[in-house]
Structure formats: C-alpha cells, structure tokens
$ cat coords_24.pdb   # PDB, C-alpha atoms, pLDDT in the B column
MODEL        1
ATOM      1  CA  MET M   3      -0.764  13.848  60.332  1.00 54.00           C
ATOM      2  CA  PHE M   4       2.674  13.069  58.834  1.00 63.00           C
ATOM      3  CA  ARG M   5       3.228   9.877  60.684  1.00 61.00           C
ATOM      4  CA  ARG M   6       4.329   6.632  59.206  1.00 60.00           C
ATOM      5  CA  ARG M   7       1.708   3.974  58.564  1.00 58.00           C
ATOM      6  CA  SER M   8       2.034   0.636  60.183  1.00 58.00           C
ATOM      7  CA  HIS M   9       2.225  -2.569  58.162  1.00 56.00           C
ATOM      8  CA  ASP M  10      -1.302  -3.527  59.205  1.00 56.00           C
ATOM      9  CA  GLU M  11      -2.758  -0.260  57.939  1.00 59.00           C
ATOM     10  CA  GLN M  12      -0.882  -0.603  54.648  1.00 55.00           C
ATOM     11  CA  ALA M  13      -2.136  -4.171  54.153  1.00 55.00           C
ATOM     12  CA  GLN M  14      -5.679  -3.104  55.001  1.00 57.00           C
ATOM     13  CA  SER M  15      -5.595  -0.182  52.553  1.00 57.00           C
ATOM     14  CA  ALA M  16      -4.154  -2.455  49.842  1.00 54.00           C
ATOM     15  CA  SER M  17      -6.924  -5.005  50.353  1.00 53.00           C
ATOM     16  CA  ASN M  18      -9.527  -2.190  50.286  1.00 53.00           C
ATOM     17  CA  THR M  19      -8.242  -0.858  46.959  1.00 53.00           C
ATOM     18  CA  ALA M  20      -8.125  -4.394  45.510  1.00 50.00           C
ATOM     19  CA  LEU M  21     -11.699  -4.925  46.687  1.00 46.00           C
ATOM     20  CA  LEU M  22     -12.782  -1.633  45.124  1.00 47.00           C
ATOM     21  CA  GLU M  23     -11.145  -2.509  41.796  1.00 51.00           C
ATOM     22  CA  ASP M  24     -12.861  -5.911  41.691  1.00 48.00           C
ATOM     23  CA  GLN M  25     -16.317  -4.422  42.171  1.00 51.00           C
ATOM     24  CA  SER M  26     -18.062  -3.046  39.135  1.00 56.00           C
ATOM     25  CA  ARG M  27     -18.290   0.695  39.444  1.00 57.00           C
ATOM     26  CA  ASP M  28     -20.682   3.244  38.118  1.00 61.00           C
ATOM     27  CA  PRO M  29     -19.315   4.743  34.853  1.00 61.00           C
ATOM     28  CA  GLN M  30     -19.903   8.261  36.169  1.00 64.00           C
ATOM     29  CA  ALA M  31     -18.012   7.645  39.416  1.00 61.00           C
ATOM     30  CA  PRO M  32     -14.344   8.607  39.682  1.00 66.00           C
ATOM     31  CA  LYS M  33     -12.040   5.677  39.081  1.00 73.00           C
ATOM     32  CA  GLY M  34      -9.889   6.205  42.170  1.00 75.00           C
ATOM     33  CA  ARG M  35      -6.537   5.888  40.400  1.00 79.00           C
ATOM     34  CA  PRO M  36      -4.559   8.149  38.077  1.00 84.00           C
ATOM     35  CA  THR M  37      -4.843   7.752  34.320  1.00 85.00           C
ATOM     36  CA  PRO M  38      -1.784   5.913  32.992  1.00 84.00           C
ATOM     37  CA  LYS M  39       0.483   7.670  30.545  1.00 88.00           C
ATOM     38  CA  ARG M  40      -0.051   6.820  26.906  1.00 88.00           C
ATOM     39  CA  SER M  41       3.313   5.081  26.622  1.00 86.00           C
ATOM     40  CA  GLU M  42       2.519   2.898  29.634  1.00 84.00           C
ATOM     41  CA  ALA M  43      -0.923   1.991  28.284  1.00 81.00           C
ATOM     42  CA  GLN M  44       0.520   1.110  24.878  1.00 81.00           C
ATOM     43  CA  SER M  45       3.247  -1.048  26.410  1.00 79.00           C
ATOM     44  CA  GLN M  46       0.623  -2.883  28.488  1.00 78.00           C
ATOM     45  CA  ARG M  47      -1.438  -3.507  25.369  1.00 75.00           C
ATOM     46  CA  ARG M  48       1.602  -4.838  23.550  1.00 72.00           C
ATOM     47  CA  LYS M  49       2.359  -7.172  26.428  1.00 66.00           C
ATOM     48  CA  ALA M  50      -1.212  -8.425  26.376  1.00 60.00           C
ATOM     49  CA  VAL M  51      -0.721  -9.822  22.879  1.00 63.00           C
ATOM     50  CA  SER M  52       0.632 -13.341  23.089  1.00 64.00           C
ATOM     51  CA  THR M  53       4.307 -12.944  22.414  1.00 65.00           C
ATOM     52  CA  PRO M  54       6.459 -16.043  22.344  1.00 71.00           C
ATOM     53  CA  THR M  55       9.116 -16.313  25.010  1.00 76.00           C
ATOM     54  CA  ASP M  56      11.985 -17.577  22.883  1.00 87.00           C
ATOM     55  CA  ARG M  57      13.511 -15.980  19.810  1.00 89.00           C
ATOM     56  CA  LYS M  58      12.990 -18.949  17.482  1.00 90.00           C
ATOM     57  CA  SER M  59       9.237 -19.121  17.930  1.00 87.00           C
ATOM     58  CA  ALA M  60       8.965 -15.323  17.727  1.00 85.00           C
ATOM     59  CA  ALA M  61      10.761 -15.364  14.377  1.00 89.00           C
ATOM     60  CA  LYS M  62       8.571 -18.242  13.194  1.00 90.00           C
ATOM     61  CA  GLN M  63       5.415 -16.366  14.201  1.00 88.00           C
ATOM     62  CA  ALA M  64       6.625 -13.190  12.446  1.00 89.00           C
ATOM     63  CA  ARG M  65       7.444 -15.180   9.280  1.00 94.00           C
ATOM     64  CA  GLU M  66       4.034 -16.805   9.318  1.00 93.00           C
ATOM     65  CA  SER M  67       2.172 -13.510   9.719  1.00 89.00           C
ATOM     66  CA  ARG M  68       4.296 -11.938   6.961  1.00 92.00           C
ATOM     67  CA  ARG M  69       3.534 -14.906   4.685  1.00 94.00           C
ATOM     68  CA  VAL M  70      -0.213 -14.562   5.317  1.00 90.00           C
ATOM     69  CA  ASP M  71      -0.074 -10.813   4.616  1.00 87.00           C
ATOM     70  CA  MET M  72       1.880 -11.339   1.390  1.00 89.00           C
ATOM     71  CA  ALA M  73      -0.582 -14.023   0.245  1.00 88.00           C
ATOM     72  CA  LYS M  74      -3.481 -11.612   0.810  1.00 85.00           C
ATOM     73  CA  GLN M  75      -1.597  -8.917  -1.078  1.00 85.00           C
ATOM     74  CA  ARG M  76      -0.866 -11.229  -4.038  1.00 85.00           C
ATOM     75  CA  GLN M  77      -4.497 -12.278  -4.166  1.00 85.00           C
ATOM     76  CA  ALA M  78      -5.588  -8.633  -4.068  1.00 83.00           C
ATOM     77  CA  LEU M  79      -3.164  -7.734  -6.875  1.00 83.00           C
ATOM     78  CA  ALA M  80      -4.594 -10.533  -8.999  1.00 83.00           C
ATOM     79  CA  GLY M  81      -8.229  -9.768  -8.236  1.00 81.00           C
ATOM     80  CA  GLY M  82      -8.180  -6.035  -7.538  1.00 76.00           C
ATOM     81  CA  ASP M  83      -9.484  -6.271  -3.953  1.00 78.00           C
ATOM     82  CA  GLU M  84      -8.969  -2.729  -2.665  1.00 81.00           C
ATOM     83  CA  ARG M  85      -8.667  -3.728   1.014  1.00 81.00           C
ATOM     84  CA  TYR M  86      -5.424  -5.680   0.699  1.00 80.00           C
ATOM     85  CA  LEU M  87      -3.633  -3.737  -2.027  1.00 84.00           C
ATOM     86  CA  PRO M  88      -0.265  -2.238  -1.147  1.00 85.00           C
ATOM     87  CA  PRO M  89      -0.380   1.457  -0.204  1.00 86.00           C
ATOM     88  CA  ARG M  90       0.949   2.642  -3.582  1.00 89.00           C
ATOM     89  CA  ASP M  91      -2.063   1.057  -5.357  1.00 90.00           C
ATOM     90  CA  LYS M  92      -4.834   2.044  -2.926  1.00 89.00           C
ATOM     91  CA  GLY M  93      -7.450   4.697  -3.364  1.00 90.00           C
ATOM     92  CA  PRO M  94      -9.918   5.914  -5.968  1.00 92.00           C
ATOM     93  CA  VAL M  95      -7.328   8.089  -7.739  1.00 94.00           C
ATOM     94  CA  ARG M  96      -4.969   5.156  -8.336  1.00 94.00           C
ATOM     95  CA  LYS M  97      -7.877   2.946  -9.436  1.00 93.00           C
ATOM     96  CA  PHE M  98      -8.945   5.552 -11.987  1.00 95.00           C
ATOM     97  CA  VAL M  99      -5.359   5.887 -13.233  1.00 95.00           C
ATOM     98  CA  ARG M 100      -5.093   2.117 -13.697  1.00 94.00           C
ATOM     99  CA  ASP M 101      -8.397   2.001 -15.555  1.00 94.00           C
ATOM    100  CA  TYR M 102      -7.372   4.993 -17.689  1.00 96.00           C
ATOM    101  CA  VAL M 103      -4.116   3.332 -18.724  1.00 95.00           C
ATOM    102  CA  ASP M 104      -5.703  -0.069 -19.302  1.00 95.00           C
ATOM    103  CA  SER M 105      -8.545   1.297 -21.448  1.00 95.00           C
ATOM    104  CA  ARG M 106      -6.273   2.071 -24.443  1.00 94.00           C
ATOM    105  CA  TYR M 107      -3.331   0.683 -26.346  1.00 94.00           C
ATOM    106  CA  ARG M 108      -0.082   2.385 -25.310  1.00 95.00           C
ATOM    107  CA  VAL M 109       3.108   2.425 -27.380  1.00 94.00           C
ATOM    108  CA  ALA M 110       5.320   1.845 -24.346  1.00 94.00           C
ATOM    109  CA  GLU M 111       3.718  -1.522 -23.549  1.00 94.00           C
ATOM    110  CA  PHE M 112       5.100  -2.910 -26.814  1.00 94.00           C
ATOM    111  CA  PHE M 113       8.642  -1.735 -26.083  1.00 94.00           C
ATOM    112  CA  LEU M 114      10.030  -5.121 -24.984  1.00 93.00           C
ATOM    113  CA  PRO M 115       8.754  -7.127 -27.968  1.00 92.00           C
ATOM    114  CA  LEU M 116       9.882  -4.364 -30.340  1.00 93.00           C
ATOM    115  CA  ALA M 117      13.291  -4.244 -28.655  1.00 93.00           C
ATOM    116  CA  VAL M 118      13.760  -7.973 -29.256  1.00 93.00           C
ATOM    117  CA  VAL M 119      12.814  -7.591 -32.921  1.00 90.00           C
ATOM    118  CA  ILE M 120      15.166  -4.621 -33.361  1.00 91.00           C
ATOM    119  CA  LEU M 121      18.035  -6.481 -31.665  1.00 91.00           C
ATOM    120  CA  VAL M 122      17.544  -9.444 -33.980  1.00 89.00           C
ATOM    121  CA  LEU M 123      17.573  -7.072 -36.979  1.00 87.00           C
ATOM    122  CA  SER M 124      20.735  -5.378 -35.735  1.00 88.00           C
ATOM    123  CA  ILE M 125      22.568  -8.710 -35.683  1.00 88.00           C
ATOM    124  CA  ALA M 126      22.047  -9.086 -39.414  1.00 81.00           C
ATOM    125  CA  GLY M 127      24.733  -7.053 -41.156  1.00 75.00           C
ATOM    126  CA  SER M 128      22.552  -5.514 -43.838  1.00 81.00           C
ATOM    127  CA  MET M 129      19.800  -4.437 -41.433  1.00 84.00           C
ATOM    128  CA  GLN M 130      21.898  -2.379 -39.004  1.00 86.00           C
ATOM    129  CA  ASP M 131      20.878   0.959 -40.485  1.00 87.00           C
ATOM    130  CA  LEU M 132      17.222  -0.054 -40.408  1.00 89.00           C
ATOM    131  CA  SER M 133      17.510  -1.192 -36.780  1.00 90.00           C
ATOM    132  CA  LEU M 134      18.994   2.173 -35.733  1.00 91.00           C
ATOM    133  CA  LEU M 135      16.150   3.963 -37.485  1.00 93.00           C
ATOM    134  CA  LEU M 136      13.613   1.688 -35.778  1.00 93.00           C
ATOM    135  CA  TRP M 137      15.204   2.430 -32.357  1.00 94.00           C
ATOM    136  CA  LEU M 138      14.775   6.129 -32.997  1.00 95.00           C
ATOM    137  CA  VAL M 139      11.165   5.740 -34.194  1.00 95.00           C
ATOM    138  CA  VAL M 140      10.205   3.594 -31.186  1.00 95.00           C
ATOM    139  CA  ILE M 141      11.790   5.960 -28.658  1.00 96.00           C
ATOM    140  CA  VAL M 142      10.196   9.048 -30.222  1.00 97.00           C
ATOM    141  CA  ALA M 143       6.806   7.280 -30.370  1.00 97.00           C
ATOM    142  CA  ILE M 144       7.055   6.314 -26.674  1.00 96.00           C
ATOM    143  CA  VAL M 145       7.978   9.863 -25.653  1.00 97.00           C
ATOM    144  CA  ILE M 146       5.127  11.403 -27.666  1.00 97.00           C
ATOM    145  CA  ASP M 147       2.611   8.856 -26.344  1.00 97.00           C
ATOM    146  CA  SER M 148       3.804   9.450 -22.776  1.00 96.00           C
ATOM    147  CA  VAL M 149       3.454  13.224 -23.097  1.00 97.00           C
ATOM    148  CA  VAL M 150      -0.044  12.936 -24.581  1.00 97.00           C
ATOM    149  CA  THR M 151      -1.080  10.443 -21.892  1.00 96.00           C
ATOM    150  CA  SER M 152       0.270  12.718 -19.141  1.00 96.00           C
ATOM    151  CA  VAL M 153      -1.549  15.806 -20.408  1.00 97.00           C
ATOM    152  CA  LEU M 154      -4.876  14.042 -20.923  1.00 96.00           C
ATOM    153  CA  LEU M 155      -4.636  12.187 -17.600  1.00 96.00           C
ATOM    154  CA  ARG M 156      -3.889  15.375 -15.661  1.00 96.00           C
ATOM    155  CA  ARG M 157      -6.923  17.009 -17.238  1.00 96.00           C
ATOM    156  CA  GLN M 158      -9.146  14.064 -16.257  1.00 95.00           C
ATOM    157  CA  LEU M 159      -7.744  14.030 -12.717  1.00 95.00           C
ATOM    158  CA  ARG M 160      -8.460  17.764 -12.293  1.00 95.00           C
ATOM    159  CA  LEU M 161     -12.047  17.221 -13.434  1.00 95.00           C
ATOM    160  CA  ARG M 162     -12.791  14.117 -11.384  1.00 94.00           C
ATOM    161  CA  PHE M 163     -10.624  14.518  -8.285  1.00 93.00           C
ATOM    162  CA  ALA M 164     -10.352  18.257  -7.702  1.00 90.00           C
ATOM    163  CA  ASP M 165     -10.554  17.847  -3.921  1.00 90.00           C
ATOM    164  CA  LYS M 166      -8.161  14.857  -3.632  1.00 90.00           C
ATOM    165  CA  ASN M 167      -4.394  14.594  -3.655  1.00 89.00           C
ATOM    166  CA  THR M 168      -3.276  13.435  -7.102  1.00 92.00           C
ATOM    167  CA  LYS M 169       0.446  13.797  -6.512  1.00 92.00           C
ATOM    168  CA  GLY M 170       2.407  11.005  -8.186  1.00 94.00           C
ATOM    169  CA  ALA M 171      -0.556   9.746 -10.204  1.00 95.00           C
ATOM    170  CA  THR M 172       0.989  10.655 -13.564  1.00 95.00           C
ATOM    171  CA  ALA M 173       4.254   8.889 -12.773  1.00 95.00           C
ATOM    172  CA  TYR M 174       2.231   5.880 -11.599  1.00 96.00           C
ATOM    173  CA  ALA M 175       0.396   5.868 -14.945  1.00 96.00           C
ATOM    174  CA  LEU M 176       3.598   6.132 -16.990  1.00 96.00           C
ATOM    175  CA  MET M 177       5.205   3.258 -15.083  1.00 95.00           C
ATOM    176  CA  ARG M 178       2.095   1.185 -15.744  1.00 95.00           C
ATOM    177  CA  THR M 179       2.252   1.942 -19.491  1.00 95.00           C
ATOM    178  CA  LEU M 180       5.771   0.477 -19.629  1.00 93.00           C
ATOM    179  CA  GLN M 181       4.466  -2.935 -18.536  1.00 93.00           C
ATOM    180  CA  MET M 182       2.849  -5.349 -20.956  1.00 93.00           C
ATOM    181  CA  ARG M 183      -0.857  -5.623 -20.272  1.00 93.00           C
ATOM    182  CA  ARG M 184      -0.725  -9.280 -19.216  1.00 91.00           C
ATOM    183  CA  LEU M 185       2.041  -8.593 -16.682  1.00 91.00           C
ATOM    184  CA  ARG M 186       0.451  -5.556 -15.019  1.00 91.00           C
ATOM    185  CA  LEU M 187      -0.310  -5.758 -11.326  1.00 89.00           C
ATOM    186  CA  PRO M 188      -3.002  -5.159 -10.113  1.00 90.00           C
ATOM    187  CA  LYS M 189      -4.551  -6.945 -13.058  1.00 91.00           C
ATOM    188  CA  PRO M 190      -6.483  -4.764 -15.531  1.00 92.00           C
ATOM    189  CA  GLN M 191     -10.158  -4.480 -14.550  1.00 90.00           C
ATOM    190  CA  VAL M 192     -11.397  -2.839 -17.763  1.00 92.00           C
ATOM    191  CA  SER M 193     -11.202  -3.967 -21.359  1.00 92.00           C
ATOM    192  CA  ARG M 194      -9.625  -1.891 -24.099  1.00 92.00           C
ATOM    193  CA  GLY M 195     -11.921   0.724 -25.566  1.00 89.00           C
ATOM    194  CA  THR M 196     -13.932   1.230 -22.369  1.00 90.00           C
ATOM    195  CA  LYS M 197     -15.136   4.801 -21.896  1.00 89.00           C
ATOM    196  CA  LEU M 198     -14.317   6.178 -18.469  1.00 84.00           C
TER     197      LEU M 198
ENDMDL
END

$ encode --input "coords_24.pdb" --output "structure tokens"
Amino acid sequence: MFRRRSHDEQAQSASNTALLEDQSRDPQAPKGRPTPKRSEAQSQRRKAVSTPTDRKSAAKQARESRRVDMAKQRQALAGGDERYLPPRDKGPVRKFVRDYVDSRYRVAEFFLPLAVVILVLSIAGSMQDLSLLLWLVVIVAIVIDSVVTSVLLRRQLRLRFADKNTKGATAYALMRTLQMRRLRLPKPQVSRGTKL
C-alpha cells in the first residue's frame, strides 16, 4: 500500500494523465486535477501575453501602447467620446456638470483677459488706483458667481442624480469655469443659452 512506485509505473501514469488531458471531456465530468490558485492562474495569463524578451523592446512596446492610449484620450477630449475619457471626466454626472457650466457665461472664464487689461492699466501711473479697484471688483464678482453656481448646481444634482455619487462635482464645475471656453477639455458639447 505505501510502497514506492517504479519508474515504469510513473511513466505510464504520466502518459495516462497526458492522454486524458488531450481528450475532450464532458463539461459535467470532474476535471481530474486541482483548481489552480488565483495568483497562479493570473501569472499564467500574464505569461500568455506576448512579452518581449529584452528590456529595450519591452520599453518600446510600453511606449507605443501608452502613445496609442494617449491619442485615443486626446481624441475623446476633443470629441467628447465617453469611452476613452480619463476617469475624472467619465460618467453622466460629470457630463451634466460640463453641460451646466458650458450653457452660460461665467465671470471666472474672463479672468485671464481681464487680468491682462488690469495689469496694463496698472503700469500707467495715473491708472493705478483704478486698476486696484478693478482687481477688487473682478475678484468679488468671481467669488459671487462661483457661490451662485455652486448652490444652483448642487440643487440640480440632487434633483437629477439623487441615487448617484456626486462627490467632487462642484469642485469639477468651478475648475471648469476658470478655463476660457475655447480651451476647455473635453470640448463644450452645448451652446450658450441651452436649457438643461
């Protein structure tokens, strides 16, 4: 019972198991071997993918795949294709937030052009007091517009997406308002004045 097998018996049993594995088996029949651990199965799957043998070609392949992914992402940002957008821009909540911001004029989007004008005015000696007043007016207007946008957007999100996670949507909207409309990514999909 506890005797050692001979080499012939071991070879015969090995050939029998190889023969059994080659034959197609009934799906209901037991497989005759233990289920591999998850880590072993995953490592076998990773090995199955064609990995280059030397480091140079592996780096080249990784660069190429990264370049293809980035090209798809850039195209999606320009066209609004939801499948290839980066994770921060995906989902119906983020799409609604983008459309909400893009449907109106926002004070913050004019900050950069106004800042240039105010800086030019501040260089002129007689206009320094006016430029300081304009800085104050612009900053107060941006803060008020941001607060109003936040309150109204939160209300809309509660109405439309009560069952979804809207965390970070307001900050996403405020960051989008700071960008000029032409430079926003993903590109605006709605025109100004559109009712949502």

$ residues_around --input "coords_24.pdb" --residues "M:Leu116" --least-positions-apart "6" --cutoff "9 Å" --atoms "all atoms listed in the file" --output "PyMOL selection string"
chain M and resi 136-137+140

$ closest_residue --input "coords_24.pdb" --among "M:Ser148, M:Gln130, M:Ser193, M:Gln158" --to "M:Arg178" --atoms "all atoms listed in the file"
M:Ser148

$ closest_residue --input "coords_24.pdb" --among "M:Pro88, M:Pro94, M:Thr37, M:Arg106" --to "M:Val192" --atoms "all atoms listed in the file"
M:Arg106

$ atom_distance --input "coords_24.pdb" --atom1 "atom CA of M:Lys92" --atom2 "atom CA of M:Thr179"
18.0 Å

$ resolve_selection --input "coords_24.pdb" --expression "the PyMOL selection byres ((chain M and resi 109-114) around 9)" --output "MDAnalysis selection string"
chainID M and resid 107:108 115:119 140:141 143:145 147:148 176 178:183

$ write_last_selection --input "coords_24.pdb" --atoms "C-alpha atoms" --output "JSON list (two decimals), keeping the file's coordinate frame"
[["chain", "number", "residue", "atom", "x", "y", "z"],
["M", 107, "TYR", "CA", -3.33, 0.68, -26.35],
["M", 108, "ARG", "CA", -0.08, 2.38, -25.31],
["M", 115, "PRO", "CA", 8.75, -7.13, -27.97],
["M", 116, "LEU", "CA", 9.88, -4.36, -30.34],
["M", 117, "ALA", "CA", 13.29, -4.24, -28.66],
["M", 118, "VAL", "CA", 13.76, -7.97, -29.26],
["M", 119, "VAL", "CA", 12.81, -7.59, -32.92],
["M", 140, "VAL", "CA", 10.20, 3.59, -31.19],
["M", 141, "ILE", "CA", 11.79, 5.96, -28.66],
["M", 143, "ALA", "CA", 6.81, 7.28, -30.37],
["M", 144, "ILE", "CA", 7.06, 6.31, -26.67],
["M", 145, "VAL", "CA", 7.98, 9.86, -25.65],
["M", 147, "ASP", "CA", 2.61, 8.86, -26.34],
["M", 148, "SER", "CA", 3.80, 9.45, -22.78],
["M", 176, "LEU", "CA", 3.60, 6.13, -16.99],
["M", 178, "ARG", "CA", 2.10, 1.18, -15.74],
["M", 179, "THR", "CA", 2.25, 1.94, -19.49],
["M", 180, "LEU", "CA", 5.77, 0.48, -19.63],
["M", 181, "GLN", "CA", 4.47, -2.94, -18.54],
["M", 182, "MET", "CA", 2.85, -5.35, -20.96],
["M", 183, "ARG", "CA", -0.86, -5.62, -20.27]]

$ atom_distance --input "coords_24.pdb" --atom1 "atom CA of M:Val99" --atom2 "atom CA of M:Gln75"
19.5 Å

$ resolve_selection --input "coords_24.pdb" --expression "the PyMOL selection byres ((chain M and resi 170) around 12)" --output "PyMOL selection string"
chain M and resi 90-91+95-96+99+152+155-156+159+167-169+171-177

$ write_last_selection --input "coords_24.pdb" --atoms "C-alpha atoms" --output "CSV table (one decimal), keeping the file's coordinate frame"
chain,number,residue,atom,x,y,z
M,90,ARG,CA,0.9,2.6,-3.6
M,91,ASP,CA,-2.1,1.1,-5.4
M,95,VAL,CA,-7.3,8.1,-7.7
M,96,ARG,CA,-5.0,5.2,-8.3
M,99,VAL,CA,-5.4,5.9,-13.2
M,152,SER,CA,0.3,12.7,-19.1
M,155,LEU,CA,-4.6,12.2,-17.6
M,156,ARG,CA,-3.9,15.4,-15.7
M,159,LEU,CA,-7.7,14.0,-12.7
M,167,ASN,CA,-4.4,14.6,-3.7
M,168,THR,CA,-3.3,13.4,-7.1
M,169,LYS,CA,0.4,13.8,-6.5
M,171,ALA,CA,-0.6,9.7,-10.2
M,172,THR,CA,1.0,10.7,-13.6
M,173,ALA,CA,4.3,8.9,-12.8
M,174,TYR,CA,2.2,5.9,-11.6
M,175,ALA,CA,0.4,5.9,-14.9
M,176,LEU,CA,3.6,6.1,-17.0
M,177,MET,CA,5.2,3.3,-15.1

$ atom_distance --input "coords_24.pdb" --atom1 "atom CA of M:Leu185" --atom2 "atom CA of M:Arg162"
27.6 Å
